[in-house]
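Q: There's a structure below that I have some questions on.
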Amino acid sequence: MKKITNSNKDDQNLELTLRPTKWNEYVGQENVKANLRLIIDAAKGRNENCDHLLFYGQAGLGKTTLAYLVGKEMGVNIRSTSGPALERAGDVAAILSNIEPNEILFIDEAHRINKMTEEILYPAMESRKLHLIVGKGPSARTFSLDLPPFTIIAATTRTNLLSGPLRSRFGATFRLDYYQNEDIEKILERSAKILGIELTPEATTVLAKVSRFTPRVANRLLKRARDFAQVNKLKNIDEKVVHETLKLLKIDSLGLEETDRQLLLTIIKKFNGGPVGLKTLGASLNEEVGTIEEVLEPFLMKVGLLNRTPAGRIAAPLAYKHLGTAEKRSLV
Ligand code: ADP
């Protein structure tokens, strides 16, 4: 379990403050929104609960926000849990047996649901039956409980890790993509307004460029820039404040952090540019394989700095160019 530090807690509070609560505040992902609206309107028209939904995409792209917006639109309550919290069948049974009609159960990090536990979800999702086994060995008995209509919305960064049977029980699956820079700019402008920050258009542009096309990163960097301005008794956040903040955070012109650069440099210097296997890379960086695959690589691939091949990871030509200039000049 992650330790919650103060700044971590601050970031969580900030996330709640900035989380869109209306559809028109949810920027971008137009196709996903249009499809969701259709599902919601159809369900409402039939006076039914909405289909089970699966959202997948990188962390911070807005999966949780979207789940809460669906709940709001359907006018129903949302219960929230996460894959790691559903370790035993009893954990799922306890939640489902308390679920109220039409409620939504939001399961974050769904790829981390224990595989044994998953099996209790199948009949619950398909035919609203909760099968419970009481006792052990020959005296064990199975009870079946009827559940009210309900909806599961699951979110995951790794849809390939969900088992086939679980995946097939969702009525619709939506992939959230990285955002366009203009969308990130809109998100930053909205967040600045909520937080009462004066952000110049130039500062917005720079912040958007280094936000890894991800709303959560954009909001986090905005907050760091606000801290910088506050401590230095500056009224506005202009380009200079943003550059100084990024320098302190060691974030470069593409939004890479120290760990990203370390990963690329390791491939280039230690492994001659690759290909290098994921496990070898993990051991060399002293980093968990899952973190490399889930957190670091998707963005590096998106910006064309890294390639995944069957033989292993390869640093793309752009990585040499980027790190070459980044090493000689100042970072931002
Ligand atoms: P995920 O569940 O995918 O990790 P979240 O839904 O928790 O991401 O989003 C992280 C933060 O980013 C939210 O608190 C919200 O402030 C912001 N955010 C995400 N998506 C959007 C969006 N489409 N429009 C505006 N803000 C967004």
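In the structure tokens, the first chain shown is A, the next is B, and so on; residue numbers restart at 1 for each chain, and ligands run from 1 in the order shown.
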For range 84-89 of chain A, find every residue with an atom within 7 Å (counting only C-alpha atoms), except residues of its own chain fewer than 5 positions away, and show them as a list of chain:residue names.
A: A:Arg112, A:Ile113, A:Asn114, A:Thr117, A:Ile120
Q: For C-alpha atoms, I'd like the residues from the last selection saved as a JSON list (two decimals), in the first residue's frame.
A:
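The result, written out as again12.json:
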[["chain", "number", "residue", "atom", "x", "y", "z"],
["A", 112, "ARG", "CA", -5.48, -6.39, -9.90],
["A", 113, "ILE", "CA", -8.61, -8.26, -8.82],
["A", 114, "ASN", "CA", -7.64, -11.66, -7.52],
["A", 117, "THR", "CA", -12.39, -13.57, -6.69],
["A", 120, "ILE", "CA", -17.83, -14.55, -8.12]]
Q: Sort by chain and increasing residue number a table of all residues of chain A within 10 Å of ligand 1, each with its closest pair of atoms and their distance in Å to one decimal, counting only C-alpha atoms and all ligand atoms, and write it as a tab-separated table.
A:
residue	atom	partner	partner_atom_place_in_ligand_line	distance
A:Asp11	CA	ligand 1	14 (O)	9.3
A:Gln12	CA	ligand 1	14 (O)	8.1
A:Asn13	CA	ligand 1	14 (O)	9.0
A:Leu14	CA	ligand 1	14 (O)	7.4
A:Glu15	CA	ligand 1	14 (O)	3.8
A:Leu16	CA	ligand 1	14 (O)	5.5
A:Thr17	CA	ligand 1	16 (O)	7.2
A:Leu18	CA	ligand 1	16 (O)	4.2
A:Arg19	CA	ligand 1	16 (O)	3.6
A:Pro20	CA	ligand 1	25 (C)	5.7
A:Thr21	CA	ligand 1	25 (C)	9.3
A:Lys22	CA	ligand 1	24 (N)	9.7
A:Trp23	CA	ligand 1	24 (N)	8.9
A:Asn24	CA	ligand 1	24 (N)	8.8
A:Glu25	CA	ligand 1	24 (N)	6.1
A:Tyr26	CA	ligand 1	24 (N)	3.8
A:Val27	CA	ligand 1	24 (N)	4.0
A:Gly28	CA	ligand 1	23 (N)	5.5
A:Gln29	CA	ligand 1	23 (N)	6.7
A:Glu30	CA	ligand 1	23 (N)	9.2
A:Lys33	CA	ligand 1	23 (N)	9.6
A:Phe55	CA	ligand 1	3 (O)	8.4
A:Tyr56	CA	ligand 1	3 (O)	7.8
A:Gly57	CA	ligand 1	3 (O)	6.7
A:Gln58	CA	ligand 1	3 (O)	6.3
A:Ala59	CA	ligand 1	4 (O)	3.9
A:Gly60	CA	ligand 1	4 (O)	3.5
A:Leu61	CA	ligand 1	3 (O)	4.1
A:Gly62	CA	ligand 1	6 (O)	3.1
A:Lys63	CA	ligand 1	3 (O)	3.7
A:Thr64	CA	ligand 1	2 (O)	3.7
A:Thr65	CA	ligand 1	6 (O)	3.7
A:Leu66	CA	ligand 1	6 (O)	6.3
A:Ala67	CA	ligand 1	6 (O)	7.9
A:Tyr68	CA	ligand 1	6 (O)	8.6
A:Leu69	CA	ligand 1	6 (O)	9.9
A:Asp108	CA	ligand 1	2 (O)	7.5
A:Glu109	CA	ligand 1	2 (O)	9.0
A:Ala155	CA	ligand 1	2 (O)	7.1
A:Thr156	CA	ligand 1	3 (O)	8.2
A:Thr157	CA	ligand 1	3 (O)	8.1
A:Leu176	CA	ligand 1	3 (O)	8.0
A:Tyr179	CA	ligand 1	23 (N)	8.3
A:Asp183	CA	ligand 1	24 (N)	7.9
A:Ile184	CA	ligand 1	25 (C)	8.0
A:Lys186	CA	ligand 1	25 (C)	8.0
A:Ile187	CA	ligand 1	25 (C)	5.1
A:Leu188	CA	ligand 1	26 (N)	8.4
A:Arg190	CA	ligand 1	25 (C)	8.0
A:Ser191	CA	ligand 1	16 (O)	7.8
A:Thr214	CA	ligand 1	12 (O)	7.4
A:Pro215	CA	ligand 1	12 (O)	4.4
A:Arg216	CA	ligand 1	12 (O)	3.9
A:Val217	CA	ligand 1	12 (O)	7.6
A:Ala218	CA	ligand 1	12 (O)	7.9
A:Asn219	CA	ligand 1	16 (O)	6.9
A:Arg220	CA	ligand 1	12 (O)	9.0
Q: Quick one: residues within 12 Å of range 261-268 of chain A, only C-alpha atoms, excluding same-chain residues fewer than 4 positions away - as a PyMOL selection string?
A: chain A and resi 250-257+272-278+280-287+289+291-293+295-297+300-301+304-307+312-324+326-327+331
Q: One decimal, in Å: what's the spacing between CA of Leu53 in chain A and CA of Phe213 in chain A?
A: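 The value is 23.8 Å.
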Q: Among range 104-202 of chain A, which ones does DSSP assign to alpha helix (DSSP H) (computed from the backbone)? Answer as a VMD selection string.
A: chain A and resid 115 to 127 164 to 167 181 to 195 201 to 202
Q: Atoms to include: N, CA and C atoms. Write the selected residues as a short mmCIF file (atom, residue, chain, number, x, y, z; two decimals), in the first residue's frame.
A:
data_model
loop_
_atom_site.label_atom_id
_atom_site.label_comp_id
_atom_site.auth_asym_id
_atom_site.auth_seq_id
_atom_site.Cartn_x
_atom_site.Cartn_y
_atom_site.Cartn_z
N LYS A 115 -7.74 -13.44 -9.18
CA LYS A 115 -8.41 -14.26 -10.21
C LYS A 115 -9.50 -15.17 -9.62
N MET A 116 -9.27 -15.66 -8.40
CA MET A 116 -10.28 -16.53 -7.75
C MET A 116 -11.54 -15.69 -7.44
N THR A 117 -11.29 -14.46 -7.05
CA THR A 117 -12.39 -13.57 -6.69
C THR A 117 -13.22 -13.20 -7.91
N GLU A 118 -12.51 -13.08 -9.04
CA GLU A 118 -13.19 -12.70 -10.28
C GLU A 118 -14.38 -13.61 -10.54
N GLU A 119 -14.22 -14.88 -10.20
CA GLU A 119 -15.26 -15.85 -10.56
C GLU A 119 -16.60 -15.55 -9.92
N ILE A 120 -16.57 -14.89 -8.79
CA ILE A 120 -17.83 -14.55 -8.12
C ILE A 120 -18.50 -13.38 -8.87
N LEU A 121 -17.67 -12.63 -9.59
CA LEU A 121 -18.22 -11.49 -10.35
C LEU A 121 -18.96 -11.93 -11.62
N TYR A 122 -18.50 -13.04 -12.22
CA TYR A 122 -19.11 -13.44 -13.50
C TYR A 122 -20.63 -13.58 -13.43
N PRO A 123 -21.14 -14.49 -12.55
CA PRO A 123 -22.60 -14.64 -12.50
C PRO A 123 -23.29 -13.38 -11.99
N ALA A 124 -22.59 -12.62 -11.14
CA ALA A 124 -23.20 -11.38 -10.62
C ALA A 124 -23.42 -10.39 -11.76
N MET A 125 -22.45 -10.31 -12.66
CA MET A 125 -22.56 -9.35 -13.76
C MET A 125 -23.52 -9.85 -14.83
N GLU A 126 -23.53 -11.15 -15.02
CA GLU A 126 -24.30 -11.69 -16.13
C GLU A 126 -25.76 -11.90 -15.78
N SER A 127 -26.00 -12.52 -14.63
CA SER A 127 -27.39 -12.84 -14.32
C SER A 127 -27.82 -12.37 -12.92
N GLY A 164 -10.06 -12.96 -20.00
CA GLY A 164 -11.04 -12.94 -21.10
C GLY A 164 -12.48 -12.98 -20.59
N PRO A 165 -12.80 -13.92 -19.69
CA PRO A 165 -14.18 -14.02 -19.22
C PRO A 165 -14.68 -12.73 -18.55
N LEU A 166 -13.79 -12.06 -17.82
CA LEU A 166 -14.22 -10.82 -17.16
C LEU A 166 -14.45 -9.74 -18.21
N ARG A 167 -13.50 -9.62 -19.13
CA ARG A 167 -13.60 -8.60 -20.18
C ARG A 167 -14.90 -8.74 -20.96
N ASN A 181 -2.82 18.87 -27.08
CA ASN A 181 -2.32 20.01 -26.32
C ASN A 181 -3.39 21.07 -26.04
N GLU A 182 -4.25 21.32 -27.06
CA GLU A 182 -5.29 22.35 -26.87
C GLU A 182 -6.23 21.95 -25.72
N ASP A 183 -6.51 20.67 -25.63
CA ASP A 183 -7.39 20.21 -24.55
C ASP A 183 -6.73 20.38 -23.19
N ILE A 184 -5.45 20.07 -23.13
CA ILE A 184 -4.72 20.24 -21.87
C ILE A 184 -4.70 21.73 -21.49
N GLU A 185 -4.57 22.58 -22.50
CA GLU A 185 -4.58 24.02 -22.22
C GLU A 185 -5.93 24.43 -21.61
N LYS A 186 -7.00 23.88 -22.18
CA LYS A 186 -8.33 24.22 -21.64
C LYS A 186 -8.45 23.74 -20.19
N ILE A 187 -7.93 22.55 -19.94
CA ILE A 187 -8.00 22.00 -18.57
C ILE A 187 -7.21 22.89 -17.61
N LEU A 188 -6.03 23.33 -18.06
CA LEU A 188 -5.21 24.20 -17.22
C LEU A 188 -5.92 25.53 -16.94
N GLU A 189 -6.56 26.06 -17.98
CA GLU A 189 -7.26 27.34 -17.79
C GLU A 189 -8.39 27.19 -16.77
N ARG A 190 -9.11 26.09 -16.90
CA ARG A 190 -10.22 25.85 -15.96
C ARG A 190 -9.68 25.69 -14.53
N SER A 191 -8.62 24.90 -14.40
CA SER A 191 -8.05 24.66 -13.07
C SER A 191 -7.53 25.96 -12.46
N ALA A 192 -6.87 26.78 -13.29
CA ALA A 192 -6.33 28.04 -12.79
C ALA A 192 -7.47 28.92 -12.26
N LYS A 193 -8.58 28.92 -12.98
CA LYS A 193 -9.72 29.72 -12.56
C LYS A 193 -10.24 29.22 -11.21
N ILE A 194 -10.40 27.92 -11.09
CA ILE A 194 -10.91 27.35 -9.83
C ILE A 194 -9.97 27.69 -8.67
N LEU A 195 -8.67 27.60 -8.94
CA LEU A 195 -7.70 27.83 -7.86
C LEU A 195 -7.38 29.32 -7.66
N PRO A 201 -1.20 33.30 -20.95
CA PRO A 201 -1.37 32.36 -22.06
C PRO A 201 -0.05 31.65 -22.42
N GLU A 202 1.07 32.38 -22.34
CA GLU A 202 2.37 31.76 -22.69
C GLU A 202 2.70 30.67 -21.68
#
Q: Run DSSP on the backbone of this structure and report the residues of range 113-280 of chain A it assigns to strand (DSSP E or B), as a list in words.
A: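 Of range 113-280 of chain A, only Lys129, Leu130, His131, Leu132, Ile133, Val134, Arg141, Thr142, Phe143, Ser144, Leu145, Asp146, Thr151, Ile152, Ile153, Ala154, Ala155, Thr156, Ala172, Thr173, Phe174, Arg175, Glu198, Leu199, Asn236, Ile237 and Val276 of chain A fall in strand (DSSP E or B).
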Q: When you draw a straight line from CA of Asp41 in chain A to CA of Leu96 in chain A, how long is it in Å?
A: 25.3 Å
Q: Between A:Leu54, A:Arg79, A:Ala311, A:Glu294, which residue has the minimum interatomic distance to Thr173 in chain A, considering only C-alpha atoms?
A: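 Of the candidates, the smallest distance to Thr173 in chain A is held by A:Leu54.
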Q: Under the rule that only C-alpha atoms are counted, which of A:Ser139, A:Thr151, A:Arg128, A:Glu100 is the nearest residue to Glu48 in chain A?
A: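 Among the listed residues, A:Thr151 lies closest to Glu48 in chain A.
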